[in-house]
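Scroll down for the structure; my scribbles are underneath it.
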Amino acid sequence: MQKVYLDNAATTAIHPQVIEEMVTVMKNCYGNPSSTHVFGREAKALLELSRKKIAQQFNASPSEIYFTSCGTESNNTIIKSCVNDLGVKRIISSYMEHKCVLESINDIENRNGIEVIRLNIFKDGSIDYSQLEDLLKDDSKKTLVSLMHANNELGNLLDVERVAKLCQENKALFHTDTVQTIGHYKLDFQELGIDFASCSAHKIHGPKGAGFLYAKKSTHIKPLIAGGGQERGLRSGTENIYGIVGLAKSLEISIEELSSHKKHIEGIKEYAINQLKLNIPGVSFNGLSADFEKSLYTVLSIKLPFHDPLISFELELAGIAVSQGSACSSGAAKVSKVMETLYTEEEINQMTPLRVSFSYLNTKEDIDALVSTLAKIASKHQLVNL
Ligand code: PLP
């Protein structure tokens, strides 16, 4: 049976060069970076070299990069530490955020009584920038703005420079979840003027279990995980040296290949949009997904003009892997918070959202397989509705 992987926003295949580099480290460098003997020092040198290489890609200082286990941990640490350590009393965010941000903020709201404001969302999934501007004018409470750089379900991109500027002008801290954009865009953290960002290696052809958080030097957040004081006290626990080396390598390859991969993937996305329109009457796209300027080129959120909660299973029978929401909720065929925010219940009952997400490994043949299977499913629904 054919096997077509179109779920790269959930996770990606590890790049062969990343595997090679990780295996070399596994074989040759098993010391604990905290040990003072030569084995430890070798591991420590690799750790710091990886940190330096990563920092360079973002015009950051190595001391602003803290290794974590994933994007979820990075986002939790940033948000919770802002409240615990930096005196944040108000959080401005949205219902479009990834679950790890939504849940971190819910937790804080319930436990600490912090004021939380979720911005209005327009029908295209974008945030209300003027509401944000108005809210920030009130600087009586120390504020954290937490808005994702790109939405993992729709692909919508935030105008991160505009938000950073607003935050700076009004002395608010700005955290942006960059898990879906790192490696796909060249980001200069200093120039963007953000305070916090997050990254996960497995989204950029690196290993699972490795990520980092960026915290601007002046911010001084404190640890959530206490212990041996690794990561300059911010994140105790023996470092995942193989994962960290893999993270640095996957980032290096992503940035080196950025323009050629971008060109290839944009071609795939354009082909998918055209083929879907040609073969599925009434198809459209959620949010700003079909807008090449305003959305991630790696994500396409399809709106099928019929309701079929079992669609991902039907696609799976044809060997095609996609997602109906974020990875955590896929399989459950539950309507995601993002779709609930965009559509009324009645609208949801007349459509099926489907997220396809691409990598440099995808081909036009993958799209042909997806479109022909979807066309068969669509014609079945159209016959039933006749
Ligand atoms: N933030 C966004 C936007 C994501 O898409 C994801 C993963 O899907 C995460 C955070 C969580 O990352 P991780 O899987 O590394 O915990």
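FYI, nothing fancy with the structure tokens labels: chains A, B, ... in order, residues from 1 per chain, ligands from 1 as they appear.
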Counting only C-alpha atoms and all ligand atoms, which residues of chain A fall within 10 Å of ligand 1, and what is the closest atom pair for each with its distance in Å at one decimal, ordered by chain and rising number, as JSON lines?
{"residue": "A:Asn8", "atom": "CA", "partner": "ligand 1", "partner_atom_place_in_ligand_line": "8 (O)", "distance": 9.6}
{"residue": "A:Ala9", "atom": "CA", "partner": "ligand 1", "partner_atom_place_in_ligand_line": "5 (O)", "distance": 6.4}
{"residue": "A:Ala10", "atom": "CA", "partner": "ligand 1", "partner_atom_place_in_ligand_line": "8 (O)", "distance": 5.2}
{"residue": "A:Thr11", "atom": "CA", "partner": "ligand 1", "partner_atom_place_in_ligand_line": "8 (O)", "distance": 7.4}
{"residue": "A:Thr68", "atom": "CA", "partner": "ligand 1", "partner_atom_place_in_ligand_line": "15 (O)", "distance": 9.4}
{"residue": "A:Ser69", "atom": "CA", "partner": "ligand 1", "partner_atom_place_in_ligand_line": "15 (O)", "distance": 7.3}
{"residue": "A:Cys70", "atom": "CA", "partner": "ligand 1", "partner_atom_place_in_ligand_line": "15 (O)", "distance": 3.8}
{"residue": "A:Gly71", "atom": "CA", "partner": "ligand 1", "partner_atom_place_in_ligand_line": "12 (O)", "distance": 3.7}
{"residue": "A:Thr72", "atom": "CA", "partner": "ligand 1", "partner_atom_place_in_ligand_line": "16 (O)", "distance": 3.7}
{"residue": "A:Glu73", "atom": "CA", "partner": "ligand 1", "partner_atom_place_in_ligand_line": "16 (O)", "distance": 6.5}
{"residue": "A:Ser74", "atom": "CA", "partner": "ligand 1", "partner_atom_place_in_ligand_line": "16 (O)", "distance": 8.1}
{"residue": "A:Asn75", "atom": "CA", "partner": "ligand 1", "partner_atom_place_in_ligand_line": "10 (C)", "distance": 7.2}
{"residue": "A:Asn76", "atom": "CA", "partner": "ligand 1", "partner_atom_place_in_ligand_line": "10 (C)", "distance": 9.7}
{"residue": "A:Met96", "atom": "CA", "partner": "ligand 1", "partner_atom_place_in_ligand_line": "3 (C)", "distance": 9.7}
{"residue": "A:Glu97", "atom": "CA", "partner": "ligand 1", "partner_atom_place_in_ligand_line": "3 (C)", "distance": 7.1}
{"residue": "A:His98", "atom": "CA", "partner": "ligand 1", "partner_atom_place_in_ligand_line": "1 (N)", "distance": 5.1}
{"residue": "A:Lys99", "atom": "CA", "partner": "ligand 1", "partner_atom_place_in_ligand_line": "10 (C)", "distance": 7.5}
{"residue": "A:Cys100", "atom": "CA", "partner": "ligand 1", "partner_atom_place_in_ligand_line": "10 (C)", "distance": 6.3}
{"residue": "A:Val101", "atom": "CA", "partner": "ligand 1", "partner_atom_place_in_ligand_line": "10 (C)", "distance": 7.6}
{"residue": "A:Leu147", "atom": "CA", "partner": "ligand 1", "partner_atom_place_in_ligand_line": "3 (C)", "distance": 9.9}
{"residue": "A:Met148", "atom": "CA", "partner": "ligand 1", "partner_atom_place_in_ligand_line": "3 (C)", "distance": 6.6}
{"residue": "A:His149", "atom": "CA", "partner": "ligand 1", "partner_atom_place_in_ligand_line": "3 (C)", "distance": 7.9}
{"residue": "A:Ala150", "atom": "CA", "partner": "ligand 1", "partner_atom_place_in_ligand_line": "3 (C)", "distance": 6.7}
{"residue": "A:Asn151", "atom": "CA", "partner": "ligand 1", "partner_atom_place_in_ligand_line": "3 (C)", "distance": 6.0}
{"residue": "A:Asn152", "atom": "CA", "partner": "ligand 1", "partner_atom_place_in_ligand_line": "5 (O)", "distance": 4.7}
{"residue": "A:Glu153", "atom": "CA", "partner": "ligand 1", "partner_atom_place_in_ligand_line": "5 (O)", "distance": 7.9}
{"residue": "A:Gly155", "atom": "CA", "partner": "ligand 1", "partner_atom_place_in_ligand_line": "3 (C)", "distance": 9.5}
{"residue": "A:Thr176", "atom": "CA", "partner": "ligand 1", "partner_atom_place_in_ligand_line": "3 (C)", "distance": 9.5}
{"residue": "A:Asp177", "atom": "CA", "partner": "ligand 1", "partner_atom_place_in_ligand_line": "1 (N)", "distance": 5.9}
{"residue": "A:Thr178", "atom": "CA", "partner": "ligand 1", "partner_atom_place_in_ligand_line": "3 (C)", "distance": 6.6}
{"residue": "A:Val179", "atom": "CA", "partner": "ligand 1", "partner_atom_place_in_ligand_line": "2 (C)", "distance": 4.9}
{"residue": "A:Gln180", "atom": "CA", "partner": "ligand 1", "partner_atom_place_in_ligand_line": "3 (C)", "distance": 5.3}
{"residue": "A:Thr181", "atom": "CA", "partner": "ligand 1", "partner_atom_place_in_ligand_line": "3 (C)", "distance": 8.4}
{"residue": "A:Ser198", "atom": "CA", "partner": "ligand 1", "partner_atom_place_in_ligand_line": "10 (C)", "distance": 7.8}
{"residue": "A:Cys199", "atom": "CA", "partner": "ligand 1", "partner_atom_place_in_ligand_line": "15 (O)", "distance": 7.2}
{"residue": "A:Ser200", "atom": "CA", "partner": "ligand 1", "partner_atom_place_in_ligand_line": "15 (O)", "distance": 4.5}
{"residue": "A:Ala201", "atom": "CA", "partner": "ligand 1", "partner_atom_place_in_ligand_line": "15 (O)", "distance": 7.1}
{"residue": "A:His202", "atom": "CA", "partner": "ligand 1", "partner_atom_place_in_ligand_line": "15 (O)", "distance": 6.8}
{"residue": "A:Lys203", "atom": "CA", "partner": "ligand 1", "partner_atom_place_in_ligand_line": "15 (O)", "distance": 7.5}
{"residue": "A:Pro207", "atom": "CA", "partner": "ligand 1", "partner_atom_place_in_ligand_line": "15 (O)", "distance": 9.9}
{"residue": "A:Lys208", "atom": "CA", "partner": "ligand 1", "partner_atom_place_in_ligand_line": "15 (O)", "distance": 7.2}
{"residue": "A:Gly209", "atom": "CA", "partner": "ligand 1", "partner_atom_place_in_ligand_line": "15 (O)", "distance": 7.2}
{"residue": "A:Ala210", "atom": "CA", "partner": "ligand 1", "partner_atom_place_in_ligand_line": "15 (O)", "distance": 7.5}
{"residue": "A:Gly211", "atom": "CA", "partner": "ligand 1", "partner_atom_place_in_ligand_line": "15 (O)", "distance": 6.8}
{"residue": "A:Phe212", "atom": "CA", "partner": "ligand 1", "partner_atom_place_in_ligand_line": "15 (O)", "distance": 9.5}
{"residue": "A:Gly325", "atom": "CA", "partner": "ligand 1", "partner_atom_place_in_ligand_line": "8 (O)", "distance": 9.9}
{"residue": "A:Ser326", "atom": "CA", "partner": "ligand 1", "partner_atom_place_in_ligand_line": "8 (O)", "distance": 6.3}
{"residue": "A:Ala327", "atom": "CA", "partner": "ligand 1", "partner_atom_place_in_ligand_line": "8 (O)", "distance": 6.2}
{"residue": "A:Cys328", "atom": "CA", "partner": "ligand 1", "partner_atom_place_in_ligand_line": "8 (O)", "distance": 7.7}
**Study point:** Picked from region 130-261 of chain A by DSSP as alpha helix (DSSP H), as a ChimeraX atom specification
**Key:** /A:130-137,160-169,189-192,241-256,258-261
Review point. Using only C-alpha atoms, which residues sit within 12 Å of Asp308 (chain A) once same-chain residues fewer than 4 positions away are excluded, as JSON, numbers by chain?
Key: {"A": [303, 304, 312, 313, 314, 315, 324, 333, 334, 335, 348, 349, 350, 351, 352, 353, 354, 374, 377, 378, 380, 381, 382]}
**Study point:** Selection near region 316-318 of chain A, 8 Å with only C-alpha atoms, sequence-local residues under 6 positions removed, as a list in words
**Key:** Met1, Gln2 and Thr373 of chain A
How would the residues just picked look written out with C-alpha atoms as an mmCIF file, in the first residue's frame?
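Result saved to part-v1.cif:
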data_model
loop_
_atom_site.group_PDB
_atom_site.id
_atom_site.type_symbol
_atom_site.label_atom_id
_atom_site.label_comp_id
_atom_site.auth_asym_id
_atom_site.auth_seq_id
_atom_site.Cartn_x
_atom_site.Cartn_y
_atom_site.Cartn_z
ATOM 1 C CA MET A 1 0.000 0.000 0.000
ATOM 2 C CA GLN A 2 1.142 3.552 -0.709
ATOM 3 C CA THR A 373 -8.860 10.087 -2.540
#
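Near Val322 (chain A), within 6 Å and counting only C-alpha atoms, sit Leu6, Asp7 and Val356 of chain A; same-chain residues fewer than 4 positions away were not included.
Picture a line from CA of Leu276 (chain A) to CA of Ser259 (chain A); it runs 25.6 Å.
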**Study point:** Spatial neighbours of Asp366 (chain A), 9 Å, only C-alpha atoms, chain gap at least 3 places, as a ChimeraX atom specification
**Key:** /A:3-6,320,362-363,369-371
Practice item. Return as a PyMOL selection string the full set of residues in region 110-316 of chain A whose backbone-based DSSP assignment is strand (DSSP E). Key: chain A and resi 115-118+143-146+173-176+196-200+211-215+284-285+299-304
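Closest to Val23 (chain A) among A:Ile65, A:Ile241, A:Val283, A:Ile265 is A:Ile241, based on only C-alpha atoms.
Checking A:Lys44, A:Lys123, A:Arg355, A:Arg235 one by one against Gly31 (chain A), counting only C-alpha atoms, you find the shortest gap at A:Lys44.
Here the question is which of A:Leu144, A:Ala321, A:Leu278, A:Ala226 gets nearest to Ile114 (chain A) using only C-alpha atoms, and that residue is A:Leu144.
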